[in-house]
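What follows is the content of data11.csv, which has CSV, C-alpha atoms:
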```
chain,number,residue,atom,x,y,z
A,1,ARG,CA,-6.4,44.6,42.3
A,2,CYS,CA,-6.7,43.6,45.9
A,3,ARG,CA,-4.3,44.0,48.9
A,4,THR,CA,-2.9,41.0,50.7
A,5,ASP,CA,-4.6,41.9,54.0
A,6,SER,CA,-8.0,42.9,52.6
A,7,CYS,CA,-8.9,40.9,49.5
A,8,GLY,CA,-12.5,40.1,50.5
A,9,GLU,CA,-13.4,37.1,52.6
A,10,GLY,CA,-12.0,34.5,50.3
A,11,PHE,CA,-9.0,32.4,51.1
A,12,ILE,CA,-6.9,30.1,49.1
A,13,THR,CA,-4.4,27.3,49.9
A,14,GLY,CA,-2.6,24.9,47.6
A,15,TYR,CA,-2.1,21.2,47.1
A,16,TYR,CA,-0.1,18.9,44.8
A,17,GLU,CA,0.6,15.3,43.9
A,18,PRO,CA,3.7,14.0,45.7
A,19,VAL,CA,6.1,11.6,44.1
A,20,VAL,CA,7.1,8.8,46.5
A,21,HIS,CA,9.0,5.5,46.2
A,22,GLY,CA,7.5,2.1,46.7
A,23,ALA,CA,7.2,-1.5,45.8
A,24,ARG,CA,4.5,-4.0,45.0
A,25,GLU,CA,5.8,-6.5,47.5
A,26,PRO,CA,7.2,-5.8,51.0
A,27,ASN,CA,10.9,-6.0,51.6
A,28,ALA,CA,13.5,-4.7,54.0
A,29,ARG,CA,13.2,-1.1,52.7
A,30,PHE,CA,9.6,-1.0,51.5
A,31,ASN,CA,7.5,-2.2,54.4
A,32,ILE,CA,4.9,0.5,55.1
A,33,PRO,CA,1.6,-0.6,53.6
A,34,VAL,CA,-0.7,1.6,51.5
A,35,TYR,CA,-4.2,0.3,52.0
A,36,GLY,CA,-7.2,0.0,49.7
A,37,LEU,CA,-10.7,0.7,51.0
A,38,PRO,CA,-11.9,-2.0,53.4
A,39,ASP,CA,-15.2,-3.7,52.7
A,40,ASP,CA,-16.5,-3.3,56.2
A,41,ILE,CA,-16.6,0.5,56.1
A,42,VAL,CA,-20.1,2.0,56.2
A,43,SER,CA,-20.2,5.6,55.1
A,44,LEU,CA,-22.6,7.8,57.0
A,45,SER,CA,-22.3,10.7,54.5
A,46,ASP,CA,-21.7,11.6,50.9
A,47,GLY,CA,-17.9,11.6,50.4
A,48,LEU,CA,-18.3,14.6,48.0
A,49,TYR,CA,-19.4,16.7,50.9
A,50,ARG,CA,-16.8,15.4,53.4
A,51,ALA,CA,-15.8,18.9,54.5
A,52,LEU,CA,-19.3,19.3,56.0
A,53,ASP,CA,-18.8,16.2,58.2
A,54,ASN,CA,-15.2,16.8,59.2
A,55,ASP,CA,-16.1,17.6,62.8
A,56,LYS,CA,-17.9,14.4,63.4
A,57,ILE,CA,-17.6,10.6,62.7
A,58,SER,CA,-18.6,10.1,59.1
A,59,ALA,CA,-18.0,6.4,58.7
A,60,ARG,CA,-18.3,3.2,60.9
A,61,ARG,CA,-17.4,-0.4,60.6
A,62,ILE,CA,-19.6,-3.5,60.7
A,63,CYS,CA,-19.1,-5.5,63.9
A,64,GLY,CA,-21.6,-8.3,64.1
A,65,TYR,CA,-25.0,-6.7,64.1
A,66,GLU,CA,-23.7,-3.3,65.3
A,67,LEU,CA,-21.7,-0.4,63.9
A,68,GLU,CA,-18.6,0.8,65.7
A,69,ASP,CA,-16.2,3.6,65.1
A,70,TYR,CA,-13.6,2.6,62.5
A,71,PHE,CA,-10.0,2.1,63.5
A,72,THR,CA,-8.0,5.2,64.0
A,73,ARG,CA,-4.7,6.1,62.3
A,74,ALA,CA,-2.7,4.7,65.2
A,75,GLU,CA,-4.7,1.5,65.3
A,76,ILE,CA,-4.3,1.0,61.5
A,77,GLU,CA,-0.6,1.7,61.7
A,78,ASP,CA,-0.3,-0.7,64.6
A,79,GLY,CA,-1.7,-3.5,62.4
A,80,ALA,CA,-5.5,-3.4,62.7
A,81,LEU,CA,-5.9,-4.2,59.0
A,82,GLN,CA,-3.1,-6.7,58.6
A,83,GLY,CA,-3.9,-10.1,56.9
A,84,ARG,CA,-6.9,-8.9,55.0
A,85,GLY,CA,-5.2,-8.5,51.6
A,86,LEU,CA,-5.8,-4.7,51.5
A,87,GLU,CA,-2.2,-3.8,50.7
A,88,LEU,CA,-1.9,-2.0,47.4
A,89,LEU,CA,1.7,-1.1,47.6
A,90,PHE,CA,4.5,-0.6,50.2
A,91,LEU,CA,6.4,2.6,50.9
A,92,ASP,CA,9.6,3.4,52.8
A,93,ASP,CA,8.6,6.5,54.7
A,94,TRP,CA,5.8,7.1,57.2
A,95,ILE,CA,6.0,10.9,56.7
A,96,GLU,CA,5.6,10.6,52.9
A,97,LEU,CA,2.6,8.3,53.3
A,98,PHE,CA,1.1,10.8,55.7
A,99,PHE,CA,1.5,13.8,53.3
A,100,MET,CA,0.3,11.7,50.4
A,101,GLN,CA,-2.9,11.0,52.4
A,102,VAL,CA,-3.3,14.7,53.1
A,103,GLN,CA,-2.9,15.6,49.4
A,104,GLY,CA,-5.3,12.8,48.4
A,105,SER,CA,-3.1,11.3,45.6
A,106,GLY,CA,0.4,10.2,44.8
A,107,LEU,CA,2.7,9.2,41.9
A,108,VAL,CA,4.6,6.1,43.1
A,109,GLN,CA,8.0,5.3,41.5
A,110,LEU,CA,8.3,1.5,41.9
A,111,ASP,CA,11.5,-0.3,42.6
A,112,ASP,CA,11.2,-2.2,39.3
A,113,GLY,CA,11.4,1.1,37.4
A,114,SER,CA,7.7,1.5,36.6
A,115,GLN,CA,5.3,3.9,38.1
A,116,VAL,CA,1.6,4.0,39.2
A,117,ARG,CA,-0.8,6.5,40.5
A,118,LEU,CA,-2.8,6.3,43.7
A,119,THR,CA,-6.0,8.2,44.0
A,120,PHE,CA,-8.4,8.8,46.9
A,121,ALA,CA,-10.9,6.0,47.6
A,122,GLY,CA,-12.3,6.8,51.0
A,123,LYS,CA,-11.6,7.6,54.7
A,124,ASN,CA,-11.9,5.9,58.0
A,125,GLY,CA,-14.5,8.5,59.1
A,126,HIS,CA,-12.5,10.2,61.9
A,127,PRO,CA,-12.3,14.0,61.8
A,128,TYR,CA,-9.2,15.5,60.2
A,129,THR,CA,-6.8,17.2,62.6
A,130,SER,CA,-4.2,19.6,61.2
A,131,ILE,CA,-0.8,18.7,62.8
A,132,ALA,CA,0.5,22.1,61.6
A,133,ARG,CA,-2.2,23.8,63.7
A,134,LEU,CA,-1.2,21.7,66.7
A,135,LEU,CA,2.4,22.7,66.4
A,136,VAL,CA,1.4,26.4,66.2
A,137,GLU,CA,-0.9,26.1,69.2
A,138,ARG,CA,1.9,24.4,71.2
A,139,ARG,CA,4.4,27.1,70.1
A,140,GLU,CA,6.7,24.6,68.5
A,141,ILE,CA,6.7,26.6,65.2
A,142,GLY,CA,5.5,30.2,64.8
A,143,PRO,CA,2.4,30.8,62.8
A,144,LYS,CA,4.2,32.9,60.2
A,145,LYS,CA,7.0,30.4,59.8
A,146,ILE,CA,4.9,27.2,59.4
A,147,ASP,CA,5.0,25.6,56.0
A,148,MET,CA,5.2,22.1,54.7
A,149,GLU,CA,9.0,21.9,54.6
A,150,ARG,CA,9.4,23.2,58.1
A,151,LEU,CA,6.7,20.7,59.2
A,152,LYS,CA,8.6,17.8,57.6
A,153,THR,CA,11.9,19.0,59.1
A,154,TRP,CA,10.2,19.0,62.6
A,155,LEU,CA,8.8,15.5,62.0
A,156,ARG,CA,12.1,14.0,60.8
A,157,ALA,CA,14.2,15.6,63.7
A,158,ASP,CA,12.7,13.0,66.1
A,159,PRO,CA,11.0,10.2,64.3
A,160,GLU,CA,9.3,8.8,67.4
A,161,ARG,CA,8.0,12.3,68.4
A,162,GLY,CA,7.0,12.9,64.7
A,163,ARG,CA,5.1,9.6,64.5
A,164,ALA,CA,3.2,10.4,67.7
A,165,LEU,CA,2.1,13.8,66.3
A,166,MET,CA,0.9,12.4,63.0
A,167,GLN,CA,-1.2,9.8,64.9
A,168,GLU,CA,-3.0,12.7,66.6
A,169,ASN,CA,-4.7,13.1,63.3
A,170,GLU,CA,-6.9,10.1,63.6
A,171,SER,CA,-8.2,10.5,60.0
A,172,TYR,CA,-6.8,7.9,57.6
A,173,VAL,CA,-7.2,7.9,53.8
A,174,PHE,CA,-7.5,4.8,51.7
A,175,PHE,CA,-6.5,4.7,48.0
A,176,ARG,CA,-7.1,2.9,44.8
A,177,LEU,CA,-4.6,2.2,42.0
A,178,LEU,CA,-4.7,4.1,38.6
A,179,GLU,CA,-2.6,2.1,36.2
A,180,GLY,CA,-2.1,2.3,32.5
A,181,GLU,CA,-4.3,4.8,30.7
A,182,ALA,CA,-6.5,5.5,33.8
A,183,GLY,CA,-3.6,7.4,35.4
A,184,HIS,CA,-1.8,8.6,32.3
A,185,ASP,CA,-2.9,12.2,32.3
A,186,GLY,CA,-2.6,12.9,36.1
A,187,PRO,CA,-4.5,12.4,39.3
A,188,LEU,CA,-8.2,12.4,39.3
A,189,GLY,CA,-10.3,15.0,41.1
A,190,ALA,CA,-13.7,14.5,42.6
A,191,HIS,CA,-15.2,15.5,39.2
A,192,GLY,CA,-13.8,12.3,37.7
A,193,VAL,CA,-11.4,14.0,35.3
A,194,PRO,CA,-7.6,14.5,35.5
A,195,LEU,CA,-6.5,17.6,37.4
A,196,THR,CA,-4.6,20.4,35.5
A,197,ALA,CA,-1.7,22.1,37.2
A,198,GLY,CA,-2.5,25.7,38.0
A,199,ARG,CA,-6.0,25.5,36.6
A,200,SER,CA,-7.9,23.0,38.8
A,201,LEU,CA,-9.4,24.2,42.0
A,202,ALA,CA,-10.8,22.2,45.0
A,203,ILE,CA,-13.9,23.9,46.4
A,204,ASP,CA,-16.7,23.3,48.8
A,205,PRO,CA,-19.5,21.9,46.5
A,206,ILE,CA,-22.2,23.1,48.9
A,207,TYR,CA,-21.5,26.6,47.7
A,208,THR,CA,-19.6,26.1,44.3
A,209,PRO,CA,-20.9,23.4,41.9
A,210,LEU,CA,-18.3,21.1,40.5
A,211,GLY,CA,-17.4,21.9,36.9
A,212,CYS,CA,-18.0,25.7,37.4
A,213,PRO,CA,-15.5,28.2,36.1
A,214,VAL,CA,-14.1,30.3,38.9
A,215,TYR,CA,-12.1,33.5,38.3
A,216,LEU,CA,-9.6,33.8,41.1
A,217,VAL,CA,-7.7,37.0,42.0
A,218,ALA,CA,-5.0,37.3,44.6
A,219,ASP,CA,-2.1,39.7,45.2
A,220,ASN,CA,1.4,38.8,46.5
A,221,LEU,CA,0.9,35.1,46.1
A,222,PHE,CA,3.6,32.8,47.6
A,223,THR,CA,4.4,34.6,50.9
A,224,GLY,CA,4.5,38.1,49.6
A,225,LYS,CA,6.8,37.8,46.6
A,226,GLY,CA,4.7,40.2,44.6
A,227,LEU,CA,3.0,37.9,42.1
A,228,HIS,CA,-0.4,39.1,41.0
A,229,PHE,CA,-2.5,36.1,40.4
A,230,ALA,CA,-5.6,36.5,38.3
A,231,ARG,CA,-6.7,33.3,36.5
A,232,LEU,CA,-9.7,31.4,35.3
A,233,MET,CA,-9.9,28.1,37.2
A,234,ILE,CA,-12.3,25.1,37.0
A,235,ALA,CA,-13.8,23.6,40.2
A,236,GLN,CA,-12.8,20.0,39.8
A,237,ASP,CA,-12.1,18.7,43.3
A,238,VAL,CA,-13.0,18.8,47.0
A,239,GLY,CA,-11.1,18.4,50.3
A,240,SER,CA,-11.8,17.8,54.0
A,241,ALA,CA,-10.4,21.2,54.9
A,242,ILE,CA,-12.0,23.2,52.0
A,243,ARG,CA,-15.2,24.5,53.6
A,244,GLY,CA,-17.1,27.7,53.0
A,245,PRO,CA,-18.4,29.9,50.1
A,246,GLU,CA,-15.1,31.5,49.1
A,247,ARG,CA,-12.6,28.8,50.0
A,248,GLY,CA,-10.3,27.2,47.4
A,249,ASP,CA,-7.3,24.9,47.1
A,250,ILE,CA,-5.2,25.4,43.9
A,251,PHE,CA,-3.7,22.2,42.4
A,252,TRP,CA,-0.2,23.0,41.5
A,253,GLY,CA,0.9,19.8,39.8
A,254,THR,CA,3.2,16.8,40.5
A,255,GLY,CA,6.6,16.7,42.3
A,256,ASP,CA,8.8,18.8,44.5
A,257,ILE,CA,8.4,22.3,42.9
A,258,PRO,CA,4.6,22.1,42.9
A,259,GLY,CA,5.0,20.9,46.5
A,260,LEU,CA,6.9,24.1,47.4
A,261,TYR,CA,4.2,26.2,45.7
A,262,ALA,CA,1.5,24.3,47.6
A,263,GLY,CA,3.3,24.6,50.9
A,264,THR,CA,3.5,28.4,50.7
A,265,THR,CA,0.0,29.2,49.2
A,266,ARG,CA,-2.0,30.7,52.0
A,267,HIS,CA,-3.6,33.9,50.9
A,268,PHE,CA,-6.7,36.1,50.8
A,269,ALA,CA,-8.5,36.1,47.4
A,270,VAL,CA,-11.5,37.2,45.5
A,271,PHE,CA,-13.7,34.5,44.0
A,272,ILE,CA,-15.9,35.2,41.0
A,273,ILE,CA,-18.0,32.2,40.2
A,274,LEU,CA,-19.4,32.0,36.7
A,275,LEU,CA,-22.8,30.3,36.5
A,276,PRO,CA,-24.8,29.4,33.4
A,277,LYS,CA,-27.9,31.3,32.4
A,278,HIS,CA,-31.1,29.2,32.6
```
Output the file's structure as structure tokens, nothing else.
Amino acid sequence: RCRTDSCGEGFITGYYEPVVHGAREPNARFNIPVYGLPDDIVSLSDGLYRALDNDKISARRICGYELEDYFTRAEIEDGALQGRGLELLFLDDWIELFFMQVQGSGLVQLDDGSQVRLTFAGKNGHPYTSIARLLVERREIGPKKIDMERLKTWLRADPERGRALMQENESYVFFRLLEGEAGHDGPLGAHGVPLTAGRSLAIDPIYTPLGCPVYLVADNLFTGKGLHFARLMIAQDVGSAIRGPERGDIFWGTGDIPGLYAGTTRHFAVFIILLPKH
């Protein structure tokens, strides 16, 4: 068993699938578009290894005979993609859209009583900037107090200020719809199969092959509440912030409770990667 402060060089965080509210057509309440992947994006790298390219521009847009940087988050939110028929759905909350993009998927409860899933389709190519890190650096929230709920509270306290902070993360995620059987069993990971709560792990595929079993060990999970975590996981997903040989992101499931788990999972851990004999 390892101690919280000296559990090797590995580090784990958590993610989840948020549940948001939306509509297929815009109206007075639902007027924030969720965009599908535009056809003028030219990817400069393999999306599977997007963490490797997070510090530089990884996609451009076709502009005549040249390639230019794609629109930033602020430009897209200000209407750069309007009128192109890219709207998949419409939400009622900028903050929930932002966090759905950070998580890479979402379960949308539609105003007609049905539900659909959204899964990651691509990015605008701009580097990802952690707004939580910005708040810590600016001493708005202490490093030991920052979590997803405090971050959302800060954003909602002053919507204009919160919107400006979110736009400092110029990275923007596009989605595709998973309807019917395609989204029945949960969000899809980069491995192309539905994620399993508490068993699916996002990794850096440069160091850990997708599909590999990973035995993960951590003490005092969830901000020191004494839970000893030792479990066999499967590497099924990737993420822009998941970079390094012993770096993982645990998928906790769908909804508010998994969201609380995800928001408080920041811990040292031991990774034991199981590779097949050849």
Per-residue nearest contacts stretch 53-140 of chain A to stretch 254-267 of chain A, cut-off 10 Å, using all atoms listed in the file, as a Markdown table:
```
| residue | atom | partner | partner_atom | distance |
| --- | --- | --- | --- | --- |
| A:Gln103 | CA | A:Ala262 | CA | 9.9 |
| A:Ser105 | CA | A:Thr254 | CA | 9.8 |
| A:Gly106 | CA | A:Thr254 | CA | 8.4 |
| A:Leu107 | CA | A:Thr254 | CA | 7.7 |
```
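In terms of minimum interatomic distance to A:Ile250, A:Ala202 ranks closest within A:His228, A:Lys123, A:Ala202, A:Ala269, counting only C-alpha atoms.
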- Message: Using all atoms listed in the file, can you tell me which of A:Asp204, A:Ala230, A:Gly36, A:Tyr215 comes closest to A:Glu246?
- Response: A:Asp204
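Close contacts of A:Glu68, defined as residues with an atom at most 10 Å away when counting only C-alpha atoms, with chain neighbours fewer than 6 positions off set aside, comprise Ile41, Val42, Ala59, Arg60, Arg61 and Ile62 of chain A.
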Please produce, as a Markdown table, a per-residue contact table for stretch 15-109 of chain A versus stretch 154-177 of chain A (criterion: any atom at most 12 Å away, only C-alpha atoms considered), showing the nearest atom pair and its distance in Å to one decimal, sorted by chain then residue number.
```
| residue | atom | partner | partner_atom | distance |
| --- | --- | --- | --- | --- |
| A:Arg24 | CA | A:Leu177 | CA | 11.4 |
| A:Pro33 | CA | A:Phe174 | CA | 10.8 |
| A:Val34 | CA | A:Phe175 | CA | 7.4 |
| A:Tyr35 | CA | A:Phe174 | CA | 5.6 |
| A:Gly36 | CA | A:Phe175 | CA | 5.0 |
| A:Leu37 | CA | A:Phe174 | CA | 5.2 |
| A:Pro38 | CA | A:Phe174 | CA | 8.3 |
| A:Asp39 | CA | A:Phe174 | CA | 11.5 |
| A:Ile41 | CA | A:Phe174 | CA | 11.0 |
| A:Gly47 | CA | A:Val173 | CA | 11.8 |
| A:Arg50 | CA | A:Ser171 | CA | 11.9 |
| A:Asn54 | CA | A:Ser171 | CA | 9.5 |
| A:Asp55 | CA | A:Ser171 | CA | 11.0 |
| A:Lys56 | CA | A:Ser171 | CA | 11.0 |
| A:Ile57 | CA | A:Ser171 | CA | 9.8 |
| A:Ser58 | CA | A:Ser171 | CA | 10.4 |
| A:Ala59 | CA | A:Ser171 | CA | 10.7 |
| A:Asp69 | CA | A:Glu170 | CA | 11.4 |
| A:Tyr70 | CA | A:Ser171 | CA | 9.9 |
| A:Phe71 | CA | A:Glu170 | CA | 8.6 |
| A:Thr72 | CA | A:Glu170 | CA | 5.0 |
| A:Arg73 | CA | A:Glu170 | CA | 4.7 |
| A:Ala74 | CA | A:Gln167 | CA | 5.3 |
| A:Glu75 | CA | A:Gln167 | CA | 9.0 |
| A:Ile76 | CA | A:Tyr172 | CA | 8.3 |
| A:Glu77 | CA | A:Gln167 | CA | 8.7 |
| A:Asp78 | CA | A:Gln167 | CA | 10.5 |
| A:Leu81 | CA | A:Phe174 | CA | 11.7 |
| A:Leu86 | CA | A:Phe174 | CA | 9.7 |
| A:Glu87 | CA | A:Phe175 | CA | 9.9 |
| A:Leu88 | CA | A:Leu177 | CA | 7.4 |
| A:Leu89 | CA | A:Leu177 | CA | 9.1 |
| A:Asp93 | CA | A:Arg156 | CA | 10.3 |
| A:Trp94 | CA | A:Arg163 | CA | 7.7 |
| A:Ile95 | CA | A:Leu155 | CA | 7.6 |
| A:Glu96 | CA | A:Arg156 | CA | 10.8 |
| A:Leu97 | CA | A:Val173 | CA | 9.8 |
| A:Phe98 | CA | A:Met166 | CA | 7.5 |
| A:Phe99 | CA | A:Met166 | CA | 9.8 |
| A:Met100 | CA | A:Val173 | CA | 9.1 |
| A:Gln101 | CA | A:Val173 | CA | 5.5 |
| A:Val102 | CA | A:Val173 | CA | 7.9 |
| A:Gln103 | CA | A:Val173 | CA | 9.9 |
| A:Gly104 | CA | A:Val173 | CA | 7.5 |
| A:Ser105 | CA | A:Phe175 | CA | 7.8 |
| A:Gly106 | CA | A:Phe175 | CA | 9.4 |
| A:Leu107 | CA | A:Leu177 | CA | 10.1 |
| A:Val108 | CA | A:Leu177 | CA | 10.1 |
```
For the selection you just gave me, I'd like the residues written to a file as a tab-separated table (two decimals), in the frame of the given file, keeping C-alpha atoms.
```tsv
chain	number	residue	atom	x	y	z
A	24	ARG	CA	4.50	-4.00	45.00
A	33	PRO	CA	1.60	-0.60	53.60
A	34	VAL	CA	-0.70	1.60	51.50
A	35	TYR	CA	-4.20	0.30	52.00
A	36	GLY	CA	-7.20	0.00	49.70
A	37	LEU	CA	-10.70	0.70	51.00
A	38	PRO	CA	-11.90	-2.00	53.40
A	39	ASP	CA	-15.20	-3.70	52.70
A	41	ILE	CA	-16.60	0.50	56.10
A	47	GLY	CA	-17.90	11.60	50.40
A	50	ARG	CA	-16.80	15.40	53.40
A	54	ASN	CA	-15.20	16.80	59.20
A	55	ASP	CA	-16.10	17.60	62.80
A	56	LYS	CA	-17.90	14.40	63.40
A	57	ILE	CA	-17.60	10.60	62.70
A	58	SER	CA	-18.60	10.10	59.10
A	59	ALA	CA	-18.00	6.40	58.70
A	69	ASP	CA	-16.20	3.60	65.10
A	70	TYR	CA	-13.60	2.60	62.50
A	71	PHE	CA	-10.00	2.10	63.50
A	72	THR	CA	-8.00	5.20	64.00
A	73	ARG	CA	-4.70	6.10	62.30
A	74	ALA	CA	-2.70	4.70	65.20
A	75	GLU	CA	-4.70	1.50	65.30
A	76	ILE	CA	-4.30	1.00	61.50
A	77	GLU	CA	-0.60	1.70	61.70
A	78	ASP	CA	-0.30	-0.70	64.60
A	81	LEU	CA	-5.90	-4.20	59.00
A	86	LEU	CA	-5.80	-4.70	51.50
A	87	GLU	CA	-2.20	-3.80	50.70
A	88	LEU	CA	-1.90	-2.00	47.40
A	89	LEU	CA	1.70	-1.10	47.60
A	93	ASP	CA	8.60	6.50	54.70
A	94	TRP	CA	5.80	7.10	57.20
A	95	ILE	CA	6.00	10.90	56.70
A	96	GLU	CA	5.60	10.60	52.90
A	97	LEU	CA	2.60	8.30	53.30
A	98	PHE	CA	1.10	10.80	55.70
A	99	PHE	CA	1.50	13.80	53.30
A	100	MET	CA	0.30	11.70	50.40
A	101	GLN	CA	-2.90	11.00	52.40
A	102	VAL	CA	-3.30	14.70	53.10
A	103	GLN	CA	-2.90	15.60	49.40
A	104	GLY	CA	-5.30	12.80	48.40
A	105	SER	CA	-3.10	11.30	45.60
A	106	GLY	CA	0.40	10.20	44.80
A	107	LEU	CA	2.70	9.20	41.90
A	108	VAL	CA	4.60	6.10	43.10
```
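For the pair atom CA of A:Val270 and atom CA of A:Phe11, the interatomic distance is 7.8 Å.
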Give as a PDB file with C-alpha atoms, in the coordinates of the input each residue that has an atom at most 12 Å from (-9.9, 13.4, 34.3) in the file, counting only C-alpha atoms.
```pdb
ATOM      1  CA  THR A 119      -6.000   8.200  44.000  1.00  0.00           C
ATOM      2  CA  LEU A 178      -4.700   4.100  38.600  1.00  0.00           C
ATOM      3  CA  GLU A 181      -4.300   4.800  30.700  1.00  0.00           C
ATOM      4  CA  ALA A 182      -6.500   5.500  33.800  1.00  0.00           C
ATOM      5  CA  GLY A 183      -3.600   7.400  35.400  1.00  0.00           C
ATOM      6  CA  HIS A 184      -1.800   8.600  32.300  1.00  0.00           C
ATOM      7  CA  ASP A 185      -2.900  12.200  32.300  1.00  0.00           C
ATOM      8  CA  GLY A 186      -2.600  12.900  36.100  1.00  0.00           C
ATOM      9  CA  PRO A 187      -4.500  12.400  39.300  1.00  0.00           C
ATOM     10  CA  LEU A 188      -8.200  12.400  39.300  1.00  0.00           C
ATOM     11  CA  GLY A 189     -10.300  15.000  41.100  1.00  0.00           C
ATOM     12  CA  ALA A 190     -13.700  14.500  42.600  1.00  0.00           C
ATOM     13  CA  HIS A 191     -15.200  15.500  39.200  1.00  0.00           C
ATOM     14  CA  GLY A 192     -13.800  12.300  37.700  1.00  0.00           C
ATOM     15  CA  VAL A 193     -11.400  14.000  35.300  1.00  0.00           C
ATOM     16  CA  PRO A 194      -7.600  14.500  35.500  1.00  0.00           C
ATOM     17  CA  LEU A 195      -6.500  17.600  37.400  1.00  0.00           C
ATOM     18  CA  THR A 196      -4.600  20.400  35.500  1.00  0.00           C
ATOM     19  CA  SER A 200      -7.900  23.000  38.800  1.00  0.00           C
ATOM     20  CA  GLY A 211     -17.400  21.900  36.900  1.00  0.00           C
ATOM     21  CA  GLN A 236     -12.800  20.000  39.800  1.00  0.00           C
ATOM     22  CA  ASP A 237     -12.100  18.700  43.300  1.00  0.00           C
TER      23      ASP A 237
END
```
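If you measure from each of A:Leu151, A:Leu44, A:Leu210, A:Ala241 to A:Gly122 using only C-alpha atoms, the closest one turns out to be A:Leu44.
Interatomic distance, atom CA of A:Glu149 to atom CA of A:Ala132: 11.0 Å.
Interatomic distance, atom CA of A:Lys277 against atom CA of A:Arg247: 23.5 Å.
Proximity ranking of A:Pro205, A:Leu91, A:Cys212, A:Arg138 relative to A:Pro276 places A:Cys212 first, based on only C-alpha atoms.
Distance check against A:Pro209 using only C-alpha atoms: of A:Val136, A:Val238, A:Ala197, A:Ile131, the minimum falls on A:Val238.
Take the candidates A:Tyr207, A:Phe268, A:Phe120, A:Tyr128 and check each one against A:Glu17 using only C-alpha atoms; the shortest distance goes to A:Phe120.
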